Every structure is written in structure tokens, then in C-alpha cells.
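For reference, query.cif is printed below; it contains mmCIF, C-alpha atoms and all ligand atoms.
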data_structure
#
loop_
_atom_site.label_atom_id
_atom_site.label_comp_id
_atom_site.auth_asym_id
_atom_site.auth_seq_id
_atom_site.Cartn_x
_atom_site.Cartn_y
_atom_site.Cartn_z
CA MET A 1092 0.00 0.00 0.00
CA ARG A 1093 2.91 2.33 0.65
CA ARG A 1094 3.92 2.51 -2.99
CA ARG A 1095 0.37 2.87 -4.20
CA LEU A 1096 -0.34 5.68 -1.75
CA VAL A 1097 2.82 7.56 -2.61
CA ARG A 1098 2.18 7.27 -6.33
CA ALA A 1099 -1.38 8.46 -5.90
CA LEU A 1100 -0.14 11.45 -3.95
CA ALA A 1101 2.89 12.41 -5.92
CA ARG A 1102 1.22 12.72 -9.29
CA PRO A 1103 -1.67 15.01 -8.38
CA LEU A 1104 0.53 17.17 -6.17
CA VAL A 1105 2.95 17.77 -9.03
CA LEU A 1106 0.03 18.44 -11.36
CA ALA A 1107 -1.47 21.00 -9.00
CA ALA A 1108 0.38 23.96 -10.48
CA VAL A 1109 -0.42 22.84 -14.02
CA ALA A 1110 -4.07 22.31 -13.21
CA SER A 1111 -4.53 25.73 -11.68
CA ALA A 1112 -2.72 27.36 -14.59
CA LEU A 1113 -5.08 25.58 -16.99
CA SER A 1114 -8.26 26.37 -15.13
CA ALA A 1115 -7.38 30.05 -15.35
CA GLY A 1116 -7.83 29.57 -19.09
CA SER A 1117 -11.23 27.84 -18.60
CA ALA A 1118 -10.15 24.68 -20.43
CA LEU A 1119 -11.35 22.82 -17.34
CA ALA A 1120 -14.44 24.90 -16.72
CA ALA A 1121 -16.72 21.95 -17.40
CA THR A 1122 -15.15 19.92 -14.63
CA SER A 1123 -14.39 22.76 -12.28
CA ASP A 1124 -17.84 22.81 -10.72
CA ARG A 1125 -18.06 19.09 -10.27
CA VAL A 1126 -16.68 18.85 -6.87
CA VAL A 1127 -13.82 16.93 -3.37
CA ILE A 1128 -15.47 14.32 -6.02
CA GLY A 1129 -19.26 14.75 -6.45
CA GLY A 1130 -19.39 17.76 -4.16
CA PHE A 1131 -20.51 21.35 -4.04
CA PRO A 1132 -19.00 24.67 -2.94
CA VAL A 1133 -19.24 25.66 0.71
CA GLU A 1134 -18.16 28.75 2.62
CA ALA A 1135 -15.44 28.45 5.24
CA SER A 1136 -17.94 29.95 7.68
CA ASP A 1137 -20.17 26.87 7.15
CA SER A 1138 -17.40 24.62 8.49
CA PRO A 1139 -15.01 26.96 10.33
CA TRP A 1140 -13.11 24.00 11.78
CA THR A 1141 -11.91 22.88 8.34
CA VAL A 1142 -8.40 24.23 7.72
CA ALA A 1143 -5.91 23.99 4.88
CA LEU A 1144 -2.39 22.83 5.58
CA SER A 1145 0.12 24.98 3.75
CA SER A 1146 3.80 25.23 2.94
CA ARG A 1147 4.61 27.65 0.13
CA ASN A 1148 8.25 26.59 0.29
CA ARG A 1149 7.35 22.98 -0.46
CA PHE A 1150 4.28 23.36 -2.70
CA GLY A 1151 4.56 26.82 -4.26
CA GLY A 1152 2.37 29.86 -3.82
CA THR A 1153 -0.22 29.31 -6.58
CA ARG A 1154 -2.80 27.93 -4.18
CA ALA A 1155 -1.35 29.44 -1.00
CA GLY A 1156 0.80 26.35 -0.53
CA GLN A 1157 -2.20 24.11 0.25
CA PHE A 1158 -1.33 20.41 0.20
CA CYS A 1159 -3.60 18.72 2.78
CA GLY A 1160 -6.55 19.41 5.03
CA GLY A 1161 -6.91 19.52 8.76
CA VAL A 1162 -9.55 20.03 11.42
CA ALA A 1163 -9.53 22.19 14.54
CA VAL A 1164 -10.61 20.25 17.63
CA GLY A 1165 -9.34 22.96 19.97
CA ARG A 1166 -8.56 26.63 19.35
CA SER A 1167 -4.84 25.75 19.18
CA THR A 1168 -5.15 22.08 18.29
CA VAL A 1169 -5.54 20.76 14.77
CA LEU A 1170 -5.77 17.13 13.65
CA THR A 1171 -4.45 16.01 10.30
CA ALA A 1172 -3.19 12.84 8.61
CA ALA A 1173 0.25 11.50 9.59
CA HIS A 1174 1.05 10.82 5.94
CA CYS A 1175 0.65 14.55 5.19
CA LEU A 1176 3.74 15.20 7.31
CA SER A 1177 5.80 12.35 5.88
CA GLU A 1178 9.01 12.91 3.95
CA GLU A 1179 7.37 11.27 0.92
CA VAL A 1180 4.77 14.02 0.80
CA LEU A 1181 6.86 16.97 1.97
CA GLY A 1182 9.95 16.06 -0.02
CA GLU A 1183 12.08 16.60 3.06
CA PRO A 1184 11.87 15.80 6.76
CA LEU A 1185 9.19 17.72 8.66
CA GLU A 1186 11.75 19.42 10.91
CA ARG A 1187 13.19 21.14 7.86
CA VAL A 1188 9.87 22.63 6.77
CA HIS A 1189 9.94 26.02 8.45
CA ASP A 1190 6.80 27.55 6.99
CA LEU A 1191 4.16 24.98 7.93
CA LYS A 1192 0.88 26.82 8.54
CA VAL A 1193 -2.80 26.27 8.79
CA ILE A 1194 -5.13 28.54 6.86
CA ALA A 1195 -8.46 29.03 8.64
CA GLY A 1196 -11.60 30.96 7.77
CA ARG A 1197 -10.68 31.33 4.09
CA THR A 1198 -13.02 29.83 1.49
CA ASN A 1199 -10.88 30.75 -1.53
CA LEU A 1200 -7.20 30.02 -1.10
CA LEU A 1201 -6.43 32.96 -3.40
CA SER A 1202 -8.23 35.49 -1.17
CA ALA A 1203 -5.15 36.31 0.84
CA GLY A 1204 -6.96 38.85 3.01
CA ASP A 1205 -9.64 36.43 4.26
CA GLY A 1206 -9.36 34.42 7.45
CA GLN A 1207 -5.97 33.84 8.92
CA GLU A 1208 -2.76 31.95 8.49
CA VAL A 1209 -1.38 30.57 11.72
CA ALA A 1210 2.04 29.03 12.09
CA VAL A 1211 2.31 25.49 13.39
CA ARG A 1212 4.44 25.57 16.52
CA ALA A 1213 4.81 21.84 17.04
CA ALA A 1214 3.63 18.60 15.50
CA TRP A 1215 3.03 15.23 17.13
CA VAL A 1216 3.02 12.55 14.47
CA ASN A 1217 1.58 9.25 15.67
CA PRO A 1218 4.73 7.18 16.26
CA ALA A 1219 2.67 4.05 15.57
CA TYR A 1220 1.68 5.29 12.09
CA ASP A 1221 2.56 2.60 9.59
CA GLY A 1222 3.01 3.92 6.05
CA ALA A 1223 2.80 0.41 4.63
CA SER A 1224 -0.60 -0.49 6.12
CA ASN A 1225 -1.86 3.11 6.64
CA VAL A 1226 -2.83 2.19 10.21
CA GLY A 1227 -2.77 5.09 12.67
CA ASP A 1228 -2.70 7.83 10.02
CA PHE A 1229 -3.08 10.85 12.31
CA ALA A 1230 -1.07 13.72 13.71
CA VAL A 1231 -1.74 16.59 16.12
CA LEU A 1232 -0.60 20.14 15.34
CA ILE A 1233 -0.16 22.80 18.01
CA LEU A 1234 -0.74 26.31 16.68
CA ALA A 1235 1.30 29.40 17.53
CA ARG A 1236 -1.93 31.39 18.15
CA PRO A 1237 -5.47 30.28 18.95
CA LEU A 1238 -8.12 30.29 16.23
CA PRO A 1239 -11.29 32.33 16.81
CA VAL A 1240 -13.90 31.05 19.24
CA GLY A 1241 -16.38 28.92 17.33
CA SER A 1242 -13.86 27.40 14.93
CA VAL A 1243 -13.74 24.12 16.79
CA ILE A 1244 -15.67 20.86 16.27
CA GLY A 1245 -16.28 18.17 18.87
CA MET A 1246 -15.01 14.65 18.34
CA ALA A 1247 -17.47 11.75 18.40
CA ALA A 1248 -16.46 9.31 21.13
CA ALA A 1249 -16.68 5.53 20.79
CA GLY A 1250 -20.28 4.37 20.75
CA ASP A 1251 -21.58 7.66 19.38
CA PRO A 1252 -24.48 7.02 16.97
CA ALA A 1253 -22.69 9.27 14.45
CA TYR A 1254 -20.57 6.21 13.56
CA ALA A 1255 -23.57 4.05 12.62
CA ALA A 1256 -23.48 2.63 9.10
CA GLY A 1257 -26.03 4.23 6.82
CA GLY A 1258 -25.76 7.61 8.50
CA GLU A 1259 -25.29 10.78 6.48
CA ALA A 1260 -21.93 12.51 6.66
CA ALA A 1261 -20.01 15.21 4.82
CA VAL A 1262 -16.36 15.52 3.89
CA TYR A 1263 -14.66 18.88 3.31
CA GLY A 1264 -11.56 19.94 1.44
CA TRP A 1265 -9.64 21.72 -1.30
CA GLY A 1266 -8.62 18.44 -2.95
CA ASP A 1267 -8.83 17.14 -6.49
CA THR A 1268 -12.36 17.35 -7.92
CA SER A 1269 -11.92 14.88 -10.79
CA GLY A 1270 -9.28 12.34 -9.82
CA VAL A 1271 -7.00 13.58 -12.58
CA GLY A 1272 -5.60 16.67 -10.89
CA ASP A 1273 -8.22 19.42 -11.00
CA TYR A 1274 -7.49 21.38 -7.86
CA PRO A 1275 -10.14 23.92 -6.89
CA ASN A 1276 -9.24 27.22 -5.30
CA SER A 1277 -12.30 27.17 -3.06
CA LEU A 1278 -13.49 24.84 -0.35
CA ARG A 1279 -15.91 22.07 -1.28
CA ALA A 1280 -17.90 19.41 0.48
CA ALA A 1281 -19.40 16.09 -0.58
CA ARG A 1282 -22.29 14.29 1.07
CA VAL A 1283 -21.38 10.68 1.73
CA ARG A 1284 -22.65 7.86 3.92
CA VAL A 1285 -20.96 5.92 6.64
CA LEU A 1286 -20.68 2.47 5.06
CA PRO A 1287 -20.56 -0.97 6.69
CA ASP A 1288 -17.02 -2.11 7.50
CA ALA A 1289 -17.67 -5.21 5.38
CA LEU A 1290 -17.77 -3.06 2.23
CA CYS A 1291 -14.26 -1.73 2.81
CA GLU A 1292 -13.04 -5.14 3.98
CA ASP A 1293 -14.17 -6.52 0.60
CA ALA A 1294 -12.80 -3.55 -1.34
CA TYR A 1295 -9.45 -3.55 0.46
CA PRO A 1296 -8.66 -7.10 1.55
CA GLY A 1297 -5.02 -6.21 2.12
CA GLY A 1298 -2.42 -8.91 1.99
CA ALA A 1299 1.19 -7.79 2.02
CA ASP A 1300 0.18 -4.15 1.57
CA GLY A 1301 -2.25 -4.08 4.49
CA GLY A 1302 -5.93 -3.43 3.98
CA TYR A 1303 -8.95 -2.01 5.73
CA ASP A 1304 -8.72 -2.29 9.51
CA ALA A 1305 -12.16 -1.71 11.03
CA SER A 1306 -10.83 -0.95 14.50
CA SER A 1307 -8.79 2.06 13.39
CA MET A 1308 -10.42 3.02 10.08
CA LEU A 1309 -13.85 4.13 8.95
CA CYS A 1310 -15.46 3.39 5.58
CA ALA A 1311 -17.51 6.11 3.86
CA GLY A 1312 -18.73 7.11 0.43
CA GLU A 1313 -21.53 5.90 -1.78
CA THR A 1314 -21.88 2.24 -2.75
CA VAL A 1315 -22.28 3.31 -6.38
CA GLY A 1316 -19.32 5.69 -6.14
CA GLY A 1317 -19.43 9.26 -7.36
CA ARG A 1318 -18.96 11.05 -4.05
CA ASP A 1319 -15.67 10.89 -2.25
CA ALA A 1320 -12.61 12.67 -0.97
CA CYS A 1321 -9.55 12.71 -3.24
CA GLN A 1322 -5.87 13.71 -3.33
CA GLY A 1323 -5.30 16.92 -1.42
CA ASP A 1324 -8.22 16.32 0.97
CA SER A 1325 -6.17 14.15 3.33
CA GLY A 1326 -6.30 15.09 6.97
CA GLY A 1327 -9.59 16.94 6.49
CA PRO A 1328 -12.80 16.25 8.38
CA LEU A 1329 -15.61 13.74 7.93
CA VAL A 1330 -18.53 15.06 9.95
CA ALA A 1331 -21.78 13.35 10.98
CA ARG A 1332 -24.48 14.66 13.31
CA GLY A 1333 -22.35 17.75 13.85
CA ARG A 1334 -19.43 15.79 15.24
CA LEU A 1335 -16.06 14.73 13.87
CA ILE A 1336 -15.97 11.01 13.04
CA GLY A 1337 -13.14 10.72 10.49
CA LEU A 1338 -10.04 12.19 8.89
CA VAL A 1339 -9.48 11.70 5.16
CA SER A 1340 -6.79 9.03 4.83
CA TRP A 1341 -6.74 6.86 1.69
CA GLY A 1342 -8.58 4.98 -1.04
CA ILE A 1343 -7.98 3.57 -4.48
CA GLY A 1344 -8.83 6.17 -7.06
CA CYS A 1345 -11.55 8.62 -6.10
CA GLY A 1346 -15.29 8.09 -6.24
CA ARG A 1347 -15.02 4.69 -7.92
CA ALA A 1348 -17.87 2.26 -7.42
CA GLY A 1349 -16.81 -0.45 -4.97
CA LYS A 1350 -13.79 1.56 -3.74
CA PRO A 1351 -15.07 3.73 -0.88
CA GLY A 1352 -13.00 6.33 0.95
CA VAL A 1353 -11.08 5.17 4.01
CA TYR A 1354 -10.88 7.52 6.99
CA VAL A 1355 -9.10 7.52 10.31
CA ARG A 1356 -11.68 6.43 12.90
CA VAL A 1357 -11.68 9.36 15.31
CA SER A 1358 -12.81 7.25 18.26
CA ASP A 1359 -9.69 5.11 17.78
CA LEU A 1360 -7.54 8.24 17.64
CA MET A 1361 -9.11 9.35 20.93
CA ARG A 1362 -8.44 5.97 22.47
CA THR A 1363 -4.83 5.97 21.28
CA LEU A 1364 -4.24 9.44 22.71
CA GLY A 1365 -6.14 8.72 25.91
CA TRP A 1366 -8.36 11.66 24.96
CA THR A 1367 -11.60 11.96 26.91
CA ARG A 1368 -14.44 14.38 26.21
CA VAL A 1369 -15.55 16.04 29.42
N1 LIG B 1401 -4.21 10.22 0.31
C1 LIG B 1401 -5.00 11.30 -0.19
C2 LIG B 1401 -4.39 12.63 0.21
O1 LIG B 1401 -3.30 12.67 0.67
C3 LIG B 1401 -6.43 11.17 0.18
C4 LIG B 1401 -7.05 10.10 -0.60
C5 LIG B 1401 -8.45 9.89 -0.25
N2 LIG B 1401 -8.99 9.07 -1.27
C6 LIG B 1401 -10.24 8.69 -1.37
N3 LIG B 1401 -10.60 8.02 -2.40
N4 LIG B 1401 -11.11 9.00 -0.43
O2 LIG B 1401 -4.95 13.67 -0.02
#
Take the structure in the file and give it back as C-alpha cells.
Ligand code: ARG
Amino acid sequence: MRRRLVRALARPLVLAAVASALSAGSALAATSDRVVIGGFPVEASDSPWTVALSSRNRFGGTRAGQFCGGVAVGRSTVLTAAHCLSEEVLGEPLERVHDLKVIAGRTNLLSAGDGQEVAVRAAWVNPAYDGASNVGDFAVLILARPLPVGSVIGMAAAGDPAYAAGGEAAVYGWGDTSGVGDYPNSLRAARVRVLPDALCEDAYPGGADGGYDASSMLCAGETVGGRDACQGDSGGPLVARGRLIGLVSWGIGCGRAGKPGVYVRVSDLMRTLGWTRV
């Protein structure tokens, strides 16, 4: 799974600059309002806890350096995917990336005056994250300054009905809207459903590469495909019943029938961190 994940990431990230240059010329106008995959535009104020992860040094300034998503669970605490902070994604070790920021409250990445950019002061990357199996794909960022009051979402604890299969959920991000490298400038969301673990166990049986692990991962999408997260959405939130249940982690392709999105199961993250809601 490691090689597949890295390949999936590397190509769209490299294409990002090309895609945004093209869409300025409207060649991609027909696809640009398709989605995330199968989604619709939302305002940052509709999901103020959704943040963009940015490094202009690593990813260039065309889209404010956005390369992953994240979610604020405290005014100075943001969750993201561990793989977003890996050397494979960043191109160098995290400790050498000196301009890691979160961008909050900004719908359009190009609207430099909107919202705020806050430096990341420290990052805790799950030491148990396994890039081969994708198990434990989460990290905690500590911000240099607190985000505004109201930009925080609560995490759904184990047993919360928000995790029930069949439930409606939404995923948010600035990721690829087509699966071939169409990166939007503005935030989007897609309505998906929490799917039975058995669907992802069938879709991703694993083997040497590792597969779907129901205890630490969550399966979501549409059984017929069409709505999904995609490259560039990683680390961003999956929300159900107003609570955070997942972080975008991986999948094969985007929005393909029979290949749902795989998310970090937030209740497992809470258990791992010994995090209790009080
Ligand atoms: N690994 C991707 C990223 O870094 C996210 C892939 C999610 N894929 C999916 N089909 N839901 O942005």
C-alpha cells in the first residue's frame, strides 16, 4: 500500500500547479464545478473547523501552498493525517519545513486577506503510524496562536451514533475534484454515507500491503461511487451529526464504485491518545 499511496499522492501534487494554470484559461471549466469528487461549494464559515495545511516553500504559492486538510478540535489544536507530514509528501523531513501553517476561515485560497494563516508551533506525528498499512494515520498540530472562538468541532467518542453505518456525513476539502488533478481554489464538500465495514473489507482485503482495519479506520462514500474525498483532501474532516468522526486518509482512485473512501476512525484516535471528552 505504501507505494500505491505515494504514487497516488505524488502525481496530483505535481500536477497541482499545471491544473490551476489551466483552469485560469477555462479549459477545465466543465469539470471545475463538479466537486472533493461529487461535491458542491461551501463557505469556510459553514465549516469553520476545516483548515488547509500549507507550505509555500514545499508546494509553491499558486494555491497558497495548500497540500492537505486539517480540522480544529481545539482553538490551538488541529488534527491532520500523519502521511501529510511524511518525507514522501513533503519532499524533506518535517523538521526542515519552516513555513508549515494552517489557513483558517478562508473559502478561496487565493483570497489572501480572508481568514488567517497561523504558524504550526509543534507537531506530534503518531509514532505508531505505519506507512505500509496506513494504520494510525493521524497527527496533532499545536498552533502558535489560537483560532477564533467557534472554529472548533467536537469529536465523536466511541459508541456515538454518528458512527452508525447508513448515516449521512459530509467531507470537506480543497482536494482534487476529478481524480485527474483538478485542484479547486475554493473549499468544497461532498455528502457521503458511513458504510458498513464489510464493504471496505471486501474492497481492500489487504495482503502484504495491508488493507482495511475496522478498529482504526472508517469506511464512507456511496456504494455506487461518485462522491468521495480525493488527493489533497487528506487530513480533512468527515462530519456526521455535527461531530467529527473521520479524517481523510486513503482509497484507491476517487469516487469509484466499490472503492469507498477510508478515513481515520476518530474514536480510535481518541483511544490511542487517551483523549476523553468532558
Ligand atoms: N491520500 C490522499 C491525500 O493525501 C487522500 C485520498 C483519499 N482518497 C479517497 N478516495 N477518499 O490527499
List as an MDAnalysis selection string the protein and nucleic acid residues near Val1142 in chain A, meaning an atom at most 12 Å away when all atoms listed in the file are counted, but skip any in the same chain fewer than 5 places from it. chainID A and resid 1134:1136 1157:1164 1166 1168:1171 1192:1200 1206:1209 1232 1234 1238 1242:1244 1263:1265 1277:1279 1324:1328
6 Å from ligand LIG 1401 (chain B) is the threshold here; counting all atoms listed in the file, which polymer residues fall inside it? Answer as a PDB file with C-alpha atoms, in the frame of the given file.
ATOM      1  CA  LEU A1100      -0.140  11.450  -3.950  1.00  0.00           C
ATOM      2  CA  CYS A1159      -3.600  18.720   2.780  1.00  0.00           C
ATOM      3  CA  ASP A1319     -15.670  10.890  -2.250  1.00  0.00           C
ATOM      4  CA  ALA A1320     -12.610  12.670  -0.970  1.00  0.00           C
ATOM      5  CA  CYS A1321      -9.550  12.710  -3.240  1.00  0.00           C
ATOM      6  CA  GLN A1322      -5.870  13.710  -3.330  1.00  0.00           C
ATOM      7  CA  GLY A1323      -5.300  16.920  -1.420  1.00  0.00           C
ATOM      8  CA  ASP A1324      -8.220  16.320   0.970  1.00  0.00           C
ATOM      9  CA  SER A1325      -6.170  14.150   3.330  1.00  0.00           C
ATOM     10  CA  VAL A1339      -9.480  11.700   5.160  1.00  0.00           C
ATOM     11  CA  SER A1340      -6.790   9.030   4.830  1.00  0.00           C
ATOM     12  CA  TRP A1341      -6.740   6.860   1.690  1.00  0.00           C
ATOM     13  CA  GLY A1342      -8.580   4.980  -1.040  1.00  0.00           C
ATOM     14  CA  ILE A1343      -7.980   3.570  -4.480  1.00  0.00           C
ATOM     15  CA  GLY A1344      -8.830   6.170  -7.060  1.00  0.00           C
ATOM     16  CA  CYS A1345     -11.550   8.620  -6.100  1.00  0.00           C
ATOM     17  CA  GLY A1352     -13.000   6.330   0.950  1.00  0.00           C
ATOM     18  CA  VAL A1353     -11.080   5.170   4.010  1.00  0.00           C
TER      19      VAL A1353
END
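Using only C-alpha atoms, the shortest contact distance between Arg1284 in chain A and any of A:Gly1297, A:Val1262, A:Gly1257, A:Gly1156 is found at A:Gly1257.
The residue that comes closest to Thr1141 in chain A, out of A:Asp1288, A:Arg1347, A:Ala1261, A:Pro1252 and on the basis of only C-alpha atoms, is A:Ala1261.
CA of Gly1312 in chain A lies 11.6 Å from CA of Val1127 in chain A.
Here CA of Ala1348 in chain A and CA of Ala1260 in chain A stand 17.9 Å from one another.
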Can you pull out the residues contacting Arg1332 in chain A? Cut-off 9 Å, using only C-alpha atoms, and skip same-chain residues under 2 positions away; I want them as a ChimeraX atom specification. /A:1252-1253,1258-1260,1330,1334-1335
Using C-alpha atoms, can you export the residues from the last selection as a CSV table (one decimal), in the frame of the given file?
chain,number,residue,atom,x,y,z
A,1252,PRO,CA,-24.5,7.0,17.0
A,1253,ALA,CA,-22.7,9.3,14.4
A,1258,GLY,CA,-25.8,7.6,8.5
A,1259,GLU,CA,-25.3,10.8,6.5
A,1260,ALA,CA,-21.9,12.5,6.7
A,1330,VAL,CA,-18.5,15.1,10.0
A,1334,ARG,CA,-19.4,15.8,15.2
A,1335,LEU,CA,-16.1,14.7,13.9
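As for CA of Gly1349 in chain A and CA of Leu1290 in chain A, they are spaced 7.7 Å apart.
Residue nearest Gly1130 in chain A within the list A:Gly1302, A:Gly1151, A:Pro1239, A:Gly1266: A:Gly1266 [criterion: smallest interatomic distance, all atoms listed in the file].
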Surrounding residues of Gly1301 in chain A excluding itself and chain neighbours under 4 positions, 9 Å, all atoms listed in the file, as a list in words: Met1092, Ala1223, Ser1224, Asn1225, Val1226, Tyr1295, Pro1296 and Gly1297 of chain A
What would the file look like if the residues just selected were written as a compact mmCIF listing (two decimals), in the coordinates of the input with C-alpha atoms?
# COMPACT_ATOMS: atom_id res chain seq x y z
CA MET A 1092 0.00 0.00 0.00
CA ALA A 1223 2.80 0.41 4.63
CA SER A 1224 -0.60 -0.49 6.12
CA ASN A 1225 -1.86 3.11 6.64
CA VAL A 1226 -2.83 2.19 10.21
CA TYR A 1295 -9.45 -3.55 0.46
CA PRO A 1296 -8.66 -7.10 1.55
CA GLY A 1297 -5.02 -6.21 2.12
Let me make sure I understand: among A:Ala1172, A:Ala1143, A:Val1211, A:Ala1281, which one has the smallest atom-to-atom distance to Gly1337 in chain A if we use only C-alpha atoms? A:Ala1172
Using all atoms listed in the file, which protein or nucleic acid residues come within 12 Å of His1189 in chain A? Drop anything in the same chain fewer than 5 positions from it, and give the result as a PyMOL selection string. chain A and resi 1145-1149+1181+1183-1184+1210-1213
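Among A:Val1271, A:Val1285, A:Ala1331, A:Val1355, the residue with the shortest atom-to-atom distance to Ser1306 in chain A, counting all atoms listed in the file, is A:Val1355.
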